[in-house]
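This report concerns only the one structure given below.
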Amino acid sequence: MTRVLAFFLICFFSIGNAADLQPIKDAGPYVPSPQSVVADMLRYADVGPQDFLIDLGSGDGRIVLTAAKVFGARGFGVEIKEQLVKKANEDAQKEGIAERVRFIKQDLFKTDLSQATVITMYLLPDTVNLLKDKFLSELRPGTRIVSHDYPLTGWIPEKYVQMDLEDKVQISGVTTTLIYLYVVPAKVDGRWSAKMPPAVSRLPATLQLSQQLTRVSGSARLDGKEVPLEELKLRGDRISFRLSGRPGEFTGQVKGRSIEGEVVSGRSKAPWSATLGG
Ligand SMILES: C[S@@+](CC[C@H](N)C(=O)[O-])C[C@H]1O[C@@H](n2cnc3c(N)ncnc32)[C@H](O)[C@@H]1O
């Protein structure tokens, strides 16, 4: 009995240690973003006092420190190099913002991102793309992601800015600097049971939506007729569309498995709602 117990204990602890002992993936060398790029990244993401920012691979902490000092945000940075973490925390103390920001020695791939309203990163291109699934599963709809130089492939950015900076020559060998801004979309793919105003559909309606990240297409079934959706847009948790050949603009907010919104046609307004499945 004692031997069996010892065997299980050894297995249990070896599994735990094996996970911890996995080498940390190097997501990029320490190369600080020029301060002008930091300011642009934070401006494009429209960072403000209501935001909680996480910088993945925070280096000397400049992005989180600037977000707190200049834009009033809170947040933290994760970084694997102990010296950089120490320096960033010391700078936060010196600047009097240590209550709002902190720096942690931690692997960015294992960091819980669910608190973020803004994510920033300046990492290698393959790393940026390895993080895509993590972003989609952990971040709330509407969270902004700003990437310095490297895009998330297959994800259409909300904004994309290219500029030339002399400071970049010593970093990347060229002056070209890119900033990409993404907004995490709500999950809307599927069949939704909808309640429409009687002028739109007397019978219970359905919406069939097909989604690929921020790109959405679909149709509605209204009083037994299939009507394509036009000008369908999804930004974070906000959805809007028109019914082909009919008046009115539909807007709505996606809250998990339900949408609540209104349809505006000329001077009249009426509520509509939908539930996923059903
Ligand atoms: C290009 S620097 C960017 C620094 C800072 N974000 C900026 O833009 O100024 C990338 C940083 O990521 C850190 N890093 C690399 N792999 C990491 C990992 N797995 N977890 C946490 N930090 C990592 C590096 O040590 C480096 O400081």
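Going by the structure tokens order, chains are called A, B, ..., each with residues numbered from 1, while ligands are numbered from 1 in the order shown.
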
If the limit is 7 Å from any atom of ligand 1, counting only C-alpha atoms and all ligand atoms, which residues qualify? Return them as a PDB file with N, CA, C and O atoms, in the first residue's frame.
ATOM      1  N   ILE A  24      11.272  28.375 -21.224  1.00  0.00           N
ATOM      2  CA  ILE A  24      10.420  29.509 -21.594  1.00  0.00           C
ATOM      3  C   ILE A  24      10.738  29.888 -23.036  1.00  0.00           C
ATOM      4  O   ILE A  24      11.901  30.026 -23.407  1.00  0.00           O
ATOM      5  N   LYS A  25       9.713  30.046 -23.843  1.00  0.00           N
ATOM      6  CA  LYS A  25       9.942  30.410 -25.243  1.00  0.00           C
ATOM      7  C   LYS A  25      10.380  31.872 -25.313  1.00  0.00           C
ATOM      8  O   LYS A  25       9.731  32.746 -24.736  1.00  0.00           O
ATOM      9  N   ASP A  26      11.495  32.093 -26.000  1.00  0.00           N
ATOM     10  CA  ASP A  26      11.986  33.462 -26.158  1.00  0.00           C
ATOM     11  C   ASP A  26      11.157  34.146 -27.236  1.00  0.00           C
ATOM     12  O   ASP A  26      11.206  33.787 -28.404  1.00  0.00           O
ATOM     13  N   ALA A  27      10.388  35.137 -26.801  1.00  0.00           N
ATOM     14  CA  ALA A  27       9.460  35.805 -27.720  1.00  0.00           C
ATOM     15  C   ALA A  27      10.098  37.001 -28.418  1.00  0.00           C
ATOM     16  O   ALA A  27       9.448  37.676 -29.205  1.00  0.00           O
ATOM     17  N   GLY A  28      11.383  37.253 -28.122  1.00  0.00           N
ATOM     18  CA  GLY A  28      12.051  38.377 -28.783  1.00  0.00           C
ATOM     19  C   GLY A  28      13.120  38.956 -27.885  1.00  0.00           C
ATOM     20  O   GLY A  28      12.990  38.914 -26.662  1.00  0.00           O
ATOM     21  N   PRO A  29      14.178  39.520 -28.485  1.00  0.00           N
ATOM     22  CA  PRO A  29      15.255  40.126 -27.668  1.00  0.00           C
ATOM     23  C   PRO A  29      14.785  41.447 -27.060  1.00  0.00           C
ATOM     24  O   PRO A  29      13.759  41.986 -27.473  1.00  0.00           O
ATOM     25  N   TYR A  30      15.561  41.945 -26.095  1.00  0.00           N
ATOM     26  CA  TYR A  30      15.201  43.237 -25.497  1.00  0.00           C
ATOM     27  C   TYR A  30      15.612  44.376 -26.427  1.00  0.00           C
ATOM     28  O   TYR A  30      16.794  44.664 -26.606  1.00  0.00           O
ATOM     29  N   VAL A  31      14.616  44.971 -27.035  1.00  0.00           N
ATOM     30  CA  VAL A  31      14.812  46.128 -27.907  1.00  0.00           C
ATOM     31  C   VAL A  31      13.676  47.092 -27.578  1.00  0.00           C
ATOM     32  O   VAL A  31      12.513  46.805 -27.872  1.00  0.00           O
ATOM     33  N   PRO A  32      13.979  48.198 -26.921  1.00  0.00           N
ATOM     34  CA  PRO A  32      12.876  49.082 -26.524  1.00  0.00           C
ATOM     35  C   PRO A  32      12.233  49.798 -27.708  1.00  0.00           C
ATOM     36  O   PRO A  32      12.929  50.190 -28.655  1.00  0.00           O
ATOM     37  N   SER A  33      10.923  49.973 -27.658  1.00  0.00           N
ATOM     38  CA  SER A  33      10.237  50.785 -28.676  1.00  0.00           C
ATOM     39  C   SER A  33      10.670  52.231 -28.470  1.00  0.00           C
ATOM     40  O   SER A  33      10.688  52.710 -27.330  1.00  0.00           O
ATOM     41  N   ASP A  55       1.370  44.887 -20.988  1.00  0.00           N
ATOM     42  CA  ASP A  55       2.409  44.857 -22.021  1.00  0.00           C
ATOM     43  C   ASP A  55       3.097  43.496 -21.951  1.00  0.00           C
ATOM     44  O   ASP A  55       3.617  43.106 -20.893  1.00  0.00           O
ATOM     45  N   LEU A  56       3.077  42.775 -23.048  1.00  0.00           N
ATOM     46  CA  LEU A  56       3.658  41.430 -23.092  1.00  0.00           C
ATOM     47  C   LEU A  56       5.126  41.526 -23.493  1.00  0.00           C
ATOM     48  O   LEU A  56       5.441  41.883 -24.629  1.00  0.00           O
ATOM     49  N   GLY A  57       6.010  41.240 -22.562  1.00  0.00           N
ATOM     50  CA  GLY A  57       7.450  41.429 -22.778  1.00  0.00           C
ATOM     51  C   GLY A  57       7.728  42.909 -22.568  1.00  0.00           C
ATOM     52  O   GLY A  57       7.948  43.655 -23.519  1.00  0.00           O
ATOM     53  N   SER A  58       7.704  43.349 -21.296  1.00  0.00           N
ATOM     54  CA  SER A  58       7.625  44.791 -21.026  1.00  0.00           C
ATOM     55  C   SER A  58       8.973  45.507 -21.024  1.00  0.00           C
ATOM     56  O   SER A  58       9.007  46.734 -20.872  1.00  0.00           O
ATOM     57  N   GLY A  59      10.083  44.780 -21.180  1.00  0.00           N
ATOM     58  CA  GLY A  59      11.397  45.428 -21.248  1.00  0.00           C
ATOM     59  C   GLY A  59      11.616  46.346 -20.054  1.00  0.00           C
ATOM     60  O   GLY A  59      11.428  45.949 -18.899  1.00  0.00           O
ATOM     61  N   ASP A  60      11.984  47.625 -20.325  1.00  0.00           N
ATOM     62  CA  ASP A  60      12.232  48.561 -19.213  1.00  0.00           C
ATOM     63  C   ASP A  60      10.928  49.189 -18.697  1.00  0.00           C
ATOM     64  O   ASP A  60      10.964  50.098 -17.865  1.00  0.00           O
ATOM     65  N   GLY A  61       9.799  48.732 -19.203  1.00  0.00           N
ATOM     66  CA  GLY A  61       8.502  49.147 -18.655  1.00  0.00           C
ATOM     67  C   GLY A  61       7.921  50.399 -19.276  1.00  0.00           C
ATOM     68  O   GLY A  61       6.862  50.874 -18.862  1.00  0.00           O
ATOM     69  N   ARG A  62       8.580  50.926 -20.321  1.00  0.00           N
ATOM     70  CA  ARG A  62       8.207  52.250 -20.829  1.00  0.00           C
ATOM     71  C   ARG A  62       6.746  52.349 -21.296  1.00  0.00           C
ATOM     72  O   ARG A  62       6.131  53.405 -21.156  1.00  0.00           O
ATOM     73  N   ILE A  63       6.192  51.268 -21.862  1.00  0.00           N
ATOM     74  CA  ILE A  63       4.814  51.371 -22.379  1.00  0.00           C
ATOM     75  C   ILE A  63       3.823  51.493 -21.211  1.00  0.00           C
ATOM     76  O   ILE A  63       2.967  52.383 -21.194  1.00  0.00           O
ATOM     77  N   VAL A  78       4.703  42.068 -18.113  1.00  0.00           N
ATOM     78  CA  VAL A  78       5.375  40.811 -17.784  1.00  0.00           C
ATOM     79  C   VAL A  78       6.649  40.731 -18.608  1.00  0.00           C
ATOM     80  O   VAL A  78       6.680  41.138 -19.773  1.00  0.00           O
ATOM     81  N   GLU A  79       7.687  40.206 -17.973  1.00  0.00           N
ATOM     82  CA  GLU A  79       9.021  40.234 -18.585  1.00  0.00           C
ATOM     83  C   GLU A  79       9.825  39.090 -17.973  1.00  0.00           C
ATOM     84  O   GLU A  79       9.681  38.806 -16.787  1.00  0.00           O
ATOM     85  N   ILE A  80      10.671  38.425 -18.817  1.00  0.00           N
ATOM     86  CA  ILE A  80      11.455  37.316 -18.247  1.00  0.00           C
ATOM     87  C   ILE A  80      12.800  37.755 -17.674  1.00  0.00           C
ATOM     88  O   ILE A  80      13.404  37.022 -16.906  1.00  0.00           O
ATOM     89  N   LYS A  81      13.259  38.944 -18.042  1.00  0.00           N
ATOM     90  CA  LYS A  81      14.579  39.370 -17.559  1.00  0.00           C
ATOM     91  C   LYS A  81      14.420  40.107 -16.221  1.00  0.00           C
ATOM     92  O   LYS A  81      13.851  41.198 -16.167  1.00  0.00           O
ATOM     93  N   GLN A 106       7.607  36.968 -15.373  1.00  0.00           N
ATOM     94  CA  GLN A 106       6.654  35.920 -15.750  1.00  0.00           C
ATOM     95  C   GLN A 106       6.692  35.678 -17.252  1.00  0.00           C
ATOM     96  O   GLN A 106       6.910  36.604 -18.035  1.00  0.00           O
ATOM     97  N   ASP A 107       6.412  34.436 -17.624  1.00  0.00           N
ATOM     98  CA  ASP A 107       6.338  34.074 -19.042  1.00  0.00           C
ATOM     99  C   ASP A 107       5.043  34.629 -19.634  1.00  0.00           C
ATOM    100  O   ASP A 107       3.952  34.347 -19.130  1.00  0.00           O
ATOM    101  N   LEU A 108       5.169  35.392 -20.693  1.00  0.00           N
ATOM    102  CA  LEU A 108       3.980  36.023 -21.270  1.00  0.00           C
ATOM    103  C   LEU A 108       2.976  34.996 -21.788  1.00  0.00           C
ATOM    104  O   LEU A 108       1.766  35.246 -21.813  1.00  0.00           O
ATOM    105  N   PHE A 109       3.460  33.816 -22.198  1.00  0.00           N
ATOM    106  CA  PHE A 109       2.550  32.791 -22.726  1.00  0.00           C
ATOM    107  C   PHE A 109       1.676  32.198 -21.615  1.00  0.00           C
ATOM    108  O   PHE A 109       0.670  31.578 -21.894  1.00  0.00           O
ATOM    109  N   MET A 121       2.315  45.045 -27.478  1.00  0.00           N
ATOM    110  CA  MET A 121       3.433  44.107 -27.646  1.00  0.00           C
ATOM    111  C   MET A 121       4.375  44.578 -28.751  1.00  0.00           C
ATOM    112  O   MET A 121       3.953  45.228 -29.703  1.00  0.00           O
ATOM    113  N   TYR A 122       5.639  44.238 -28.534  1.00  0.00           N
ATOM    114  CA  TYR A 122       6.668  44.432 -29.556  1.00  0.00           C
ATOM    115  C   TYR A 122       7.489  43.152 -29.502  1.00  0.00           C
ATOM    116  O   TYR A 122       8.453  43.038 -28.740  1.00  0.00           O
ATOM    117  N   LEU A 123       7.024  42.150 -30.262  1.00  0.00           N
ATOM    118  CA  LEU A 123       7.594  40.806 -30.178  1.00  0.00           C
ATOM    119  C   LEU A 123       7.887  40.277 -31.575  1.00  0.00           C
ATOM    120  O   LEU A 123       7.464  40.877 -32.574  1.00  0.00           O
TER     121      LEU A 123
END

Need the shell around A:Ala186: protein/DNA/RNA residues with any atom at most 7 Å away, counting only C-alpha atoms. Skip same-chain ones fewer than 4 positions apart. Format as an MDAnalysis selection string? chainID A and resid 141 236:237 254

Would you put the residues from that selection into a file with N, CA and C atoms, as a PDB file, in the first residue's frame?
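out-v7.pdb was written with the following content:
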ATOM      1  N   PRO A 141     -14.633  40.930 -25.648  1.00  0.00           N
ATOM      2  CA  PRO A 141     -14.913  41.697 -26.874  1.00  0.00           C
ATOM      3  C   PRO A 141     -14.700  43.181 -26.614  1.00  0.00           C
ATOM      4  N   GLY A 236     -15.883  44.931 -31.811  1.00  0.00           N
ATOM      5  CA  GLY A 236     -15.987  44.530 -30.408  1.00  0.00           C
ATOM      6  C   GLY A 236     -17.331  43.853 -30.193  1.00  0.00           C
ATOM      7  N   ASP A 237     -18.138  44.419 -29.281  1.00  0.00           N
ATOM      8  CA  ASP A 237     -19.457  43.812 -29.019  1.00  0.00           C
ATOM      9  C   ASP A 237     -20.580  44.545 -29.751  1.00  0.00           C
ATOM     10  N   VAL A 254     -23.787  42.844 -28.381  1.00  0.00           N
ATOM     11  CA  VAL A 254     -23.729  41.407 -28.132  1.00  0.00           C
ATOM     12  C   VAL A 254     -23.321  41.201 -26.678  1.00  0.00           C
TER      13      VAL A 254
END

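Pairwise distance (atom CA of A:Ile104, atom CA of A:Glu90) equals 12.3 Å.
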
Neighbour list for stretch 196-205 of chain A as an mmCIF file with all heavy atoms, in the first residue's frame, cut-off 6 Å, only C-alpha atoms, skip fewer than 5 positions in-chain:
data_model
loop_
_atom_site.group_PDB
_atom_site.id
_atom_site.type_symbol
_atom_site.label_atom_id
_atom_site.label_comp_id
_atom_site.auth_asym_id
_atom_site.auth_seq_id
_atom_site.Cartn_x
_atom_site.Cartn_y
_atom_site.Cartn_z
ATOM 1 N N ARG A 221 -34.304 35.426 -41.675
ATOM 2 C CA ARG A 221 -35.535 34.808 -42.155
ATOM 3 C C ARG A 221 -36.685 35.563 -41.500
ATOM 4 O O ARG A 221 -36.853 35.547 -40.288
ATOM 5 C CB ARG A 221 -35.545 33.316 -41.801
ATOM 6 C CG ARG A 221 -36.611 32.589 -42.544
ATOM 7 C CD ARG A 221 -36.293 31.117 -42.748
ATOM 8 N NE ARG A 221 -37.314 30.557 -43.624
ATOM 9 C CZ ARG A 221 -37.256 30.557 -44.944
ATOM 10 N NH1 ARG A 221 -36.214 31.063 -45.567
ATOM 11 N NH2 ARG A 221 -38.246 30.042 -45.646
ATOM 12 N N LEU A 222 -37.437 36.294 -42.330
ATOM 13 C CA LEU A 222 -38.476 37.193 -41.818
ATOM 14 C C LEU A 222 -39.793 36.827 -42.482
ATOM 15 O O LEU A 222 -39.899 36.851 -43.715
ATOM 16 C CB LEU A 222 -38.117 38.651 -42.156
ATOM 17 C CG LEU A 222 -36.723 39.128 -41.715
ATOM 18 C CD1 LEU A 222 -36.366 40.456 -42.362
ATOM 19 C CD2 LEU A 222 -36.663 39.249 -40.200
ATOM 20 N N ASP A 223 -40.809 36.456 -41.684
ATOM 21 C CA ASP A 223 -42.103 36.012 -42.207
ATOM 22 C C ASP A 223 -41.920 34.981 -43.321
ATOM 23 O O ASP A 223 -42.558 35.072 -44.387
ATOM 24 C CB ASP A 223 -42.935 37.217 -42.701
ATOM 25 C CG ASP A 223 -43.450 38.035 -41.521
ATOM 26 O OD1 ASP A 223 -43.650 37.455 -40.424
ATOM 27 O OD2 ASP A 223 -43.636 39.250 -41.682
ATOM 28 N N TRP A 272 -35.168 45.484 -30.931
ATOM 29 C CA TRP A 272 -35.115 44.102 -31.424
ATOM 30 C C TRP A 272 -34.130 43.346 -30.540
ATOM 31 O O TRP A 272 -33.291 43.967 -29.859
ATOM 32 C CB TRP A 272 -34.711 44.035 -32.910
ATOM 33 C CG TRP A 272 -33.274 44.381 -33.187
ATOM 34 C CD1 TRP A 272 -32.761 45.633 -33.300
ATOM 35 C CD2 TRP A 272 -32.176 43.467 -33.354
ATOM 36 N NE1 TRP A 272 -31.406 45.571 -33.528
ATOM 37 C CE2 TRP A 272 -31.021 44.240 -33.566
ATOM 38 C CE3 TRP A 272 -32.059 42.077 -33.342
ATOM 39 C CZ2 TRP A 272 -29.774 43.680 -33.771
ATOM 40 C CZ3 TRP A 272 -30.806 41.510 -33.549
ATOM 41 C CH2 TRP A 272 -29.679 42.312 -33.761
#

Counting only C-alpha atoms, what is within 9 Å of stretch 256-267 of chain A, bar same-chain residues fewer than 4 positions away, as a list in words? Ala186, Lys187, Val188, Trp192, Ala194, Met196, Pro197, Ile239, Pro247, Gly248, Glu249, Phe250, Thr251, Gly252, Pro271, Trp272, Ser273, Ala274, Thr275, Leu276 and Gly277 of chain A

re atom CA of A:Val47 and atom CA of A:Ala92: distance 18.3 Å

Identify, on the basis of only C-alpha atoms, every residue whose closest approach to A:Arg235 does not exceed 8 Å; exclude the query and any residue fewer than 2 positions from it along the same chain; express the result as a short mmCIF file (atom, residue, chain, number, x, y, z; two decimals) with N, CA and C atoms, in the first residue's frame.
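Final file, around-v9.cif:
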data_model
loop_
_atom_site.label_atom_id
_atom_site.label_comp_id
_atom_site.auth_asym_id
_atom_site.auth_seq_id
_atom_site.Cartn_x
_atom_site.Cartn_y
_atom_site.Cartn_z
N GLY A 142 -14.08 43.84 -27.56
CA GLY A 142 -13.83 45.28 -27.41
C GLY A 142 -12.42 45.58 -26.93
N VAL A 183 -9.22 45.07 -32.67
CA VAL A 183 -10.25 45.07 -31.62
C VAL A 183 -10.83 43.66 -31.56
N VAL A 184 -10.85 43.08 -30.37
CA VAL A 184 -11.34 41.69 -30.22
C VAL A 184 -12.84 41.66 -30.50
N PRO A 185 -13.25 40.82 -31.47
CA PRO A 185 -14.68 40.78 -31.80
C PRO A 185 -15.46 39.84 -30.88
N ALA A 186 -16.74 40.15 -30.69
CA ALA A 186 -17.63 39.22 -29.98
C ALA A 186 -17.80 37.99 -30.86
N THR A 214 -13.23 39.32 -37.57
CA THR A 214 -14.08 40.52 -37.60
C THR A 214 -15.01 40.54 -38.81
N LYS A 233 -21.53 44.94 -39.92
CA LYS A 233 -20.26 45.31 -39.27
C LYS A 233 -20.26 44.82 -37.84
N ASP A 237 -18.14 44.42 -29.28
CA ASP A 237 -19.46 43.81 -29.02
C ASP A 237 -20.58 44.55 -29.75
N ARG A 238 -20.25 45.46 -30.65
CA ARG A 238 -21.27 46.25 -31.37
C ARG A 238 -21.48 45.70 -32.77
N ILE A 239 -22.74 45.39 -33.09
CA ILE A 239 -23.06 44.86 -34.42
C ILE A 239 -24.05 45.81 -35.09
#

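Considering only C-alpha atoms, the residue among A:Asp149, A:Asp112, A:Glu158, A:Glu95 positioned nearest to A:Ser172 is A:Asp149.
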
Sel. of strand (DSSP E) residues, stretch 58-131 of chain A, as a PDB file with C-alpha atoms, in the first residue's frame:
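File states04.pdb, as written:
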ATOM      1  CA  ARG A  74      -3.564  51.116 -14.754  1.00  0.00           C
ATOM      2  CA  GLY A  75      -1.866  47.879 -15.703  1.00  0.00           C
ATOM      3  CA  PHE A  76       1.112  45.584 -15.546  1.00  0.00           C
ATOM      4  CA  GLY A  77       3.986  44.347 -17.633  1.00  0.00           C
ATOM      5  CA  VAL A  78       5.375  40.811 -17.784  1.00  0.00           C
ATOM      6  CA  GLU A  79       9.021  40.234 -18.585  1.00  0.00           C
ATOM      7  CA  VAL A 101       1.311  49.706 -12.281  1.00  0.00           C
ATOM      8  CA  ARG A 102       3.556  46.771 -11.527  1.00  0.00           C
ATOM      9  CA  PHE A 103       6.020  44.547 -13.325  1.00  0.00           C
ATOM     10  CA  ILE A 104       6.215  40.808 -12.866  1.00  0.00           C
ATOM     11  CA  LYS A 105       8.867  38.285 -13.829  1.00  0.00           C
ATOM     12  CA  VAL A 118      -5.630  47.026 -23.872  1.00  0.00           C
ATOM     13  CA  ILE A 119      -2.766  44.684 -24.829  1.00  0.00           C
ATOM     14  CA  THR A 120       0.507  46.044 -26.206  1.00  0.00           C
ATOM     15  CA  MET A 121       3.433  44.107 -27.646  1.00  0.00           C
TER      16      MET A 121
END

Leaving out A:Ser244 and any residue of its chain fewer than 3 positions from it, which residues lie within 7 Å of it when counting only C-alpha atoms, given as a list in words? Val227, Pro228, Leu229 and Glu230 of chain A

Please, which residues of stretch 99-150 of chain A, numbered as in this document, come out helix (DSSP H, G or I) from DSSP, as a PyMOL selection string? chain A and resi 108-110+125-130+132-138

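The closest residue to A:Ala98, picked from A:Lys69, A:Lys134, A:Lys168, A:Lys195 and counting only C-alpha atoms, is A:Lys69.
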
My list of candidates is A:Leu84, A:Ile179, A:Leu243, A:Ile145. Which is closest to A:Val38 when distances are computed with only C-alpha atoms? A:Ile179

Surrounding residues of A:Tyr160 excluding itself and chain neighbours under 2 positions, 9 Å, only C-alpha atoms, as a JSON list (two decimals) with C-alpha atoms, in the first residue's frame:
[["chain", "number", "residue", "atom", "x", "y", "z"],
["A", 157, "PRO", "CA", -6.65, 45.57, -38.28],
["A", 158, "GLU", "CA", -8.96, 48.37, -37.22],
["A", 162, "GLN", "CA", 3.26, 53.14, -41.37],
["A", 178, "LEU", "CA", 4.41, 49.90, -38.38],
["A", 179, "ILE", "CA", 1.69, 50.04, -35.75],
["A", 180, "TYR", "CA", -1.32, 47.71, -35.94],
["A", 181, "LEU", "CA", -4.49, 48.15, -33.89],
["A", 182, "TYR", "CA", -6.96, 45.26, -33.51]]

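Compared by their closest atoms to A:Gln115, and using only C-alpha atoms, the residues A:Ile156, A:Ile54, A:Leu213, A:Ala68 rank with A:Ile54 nearest.
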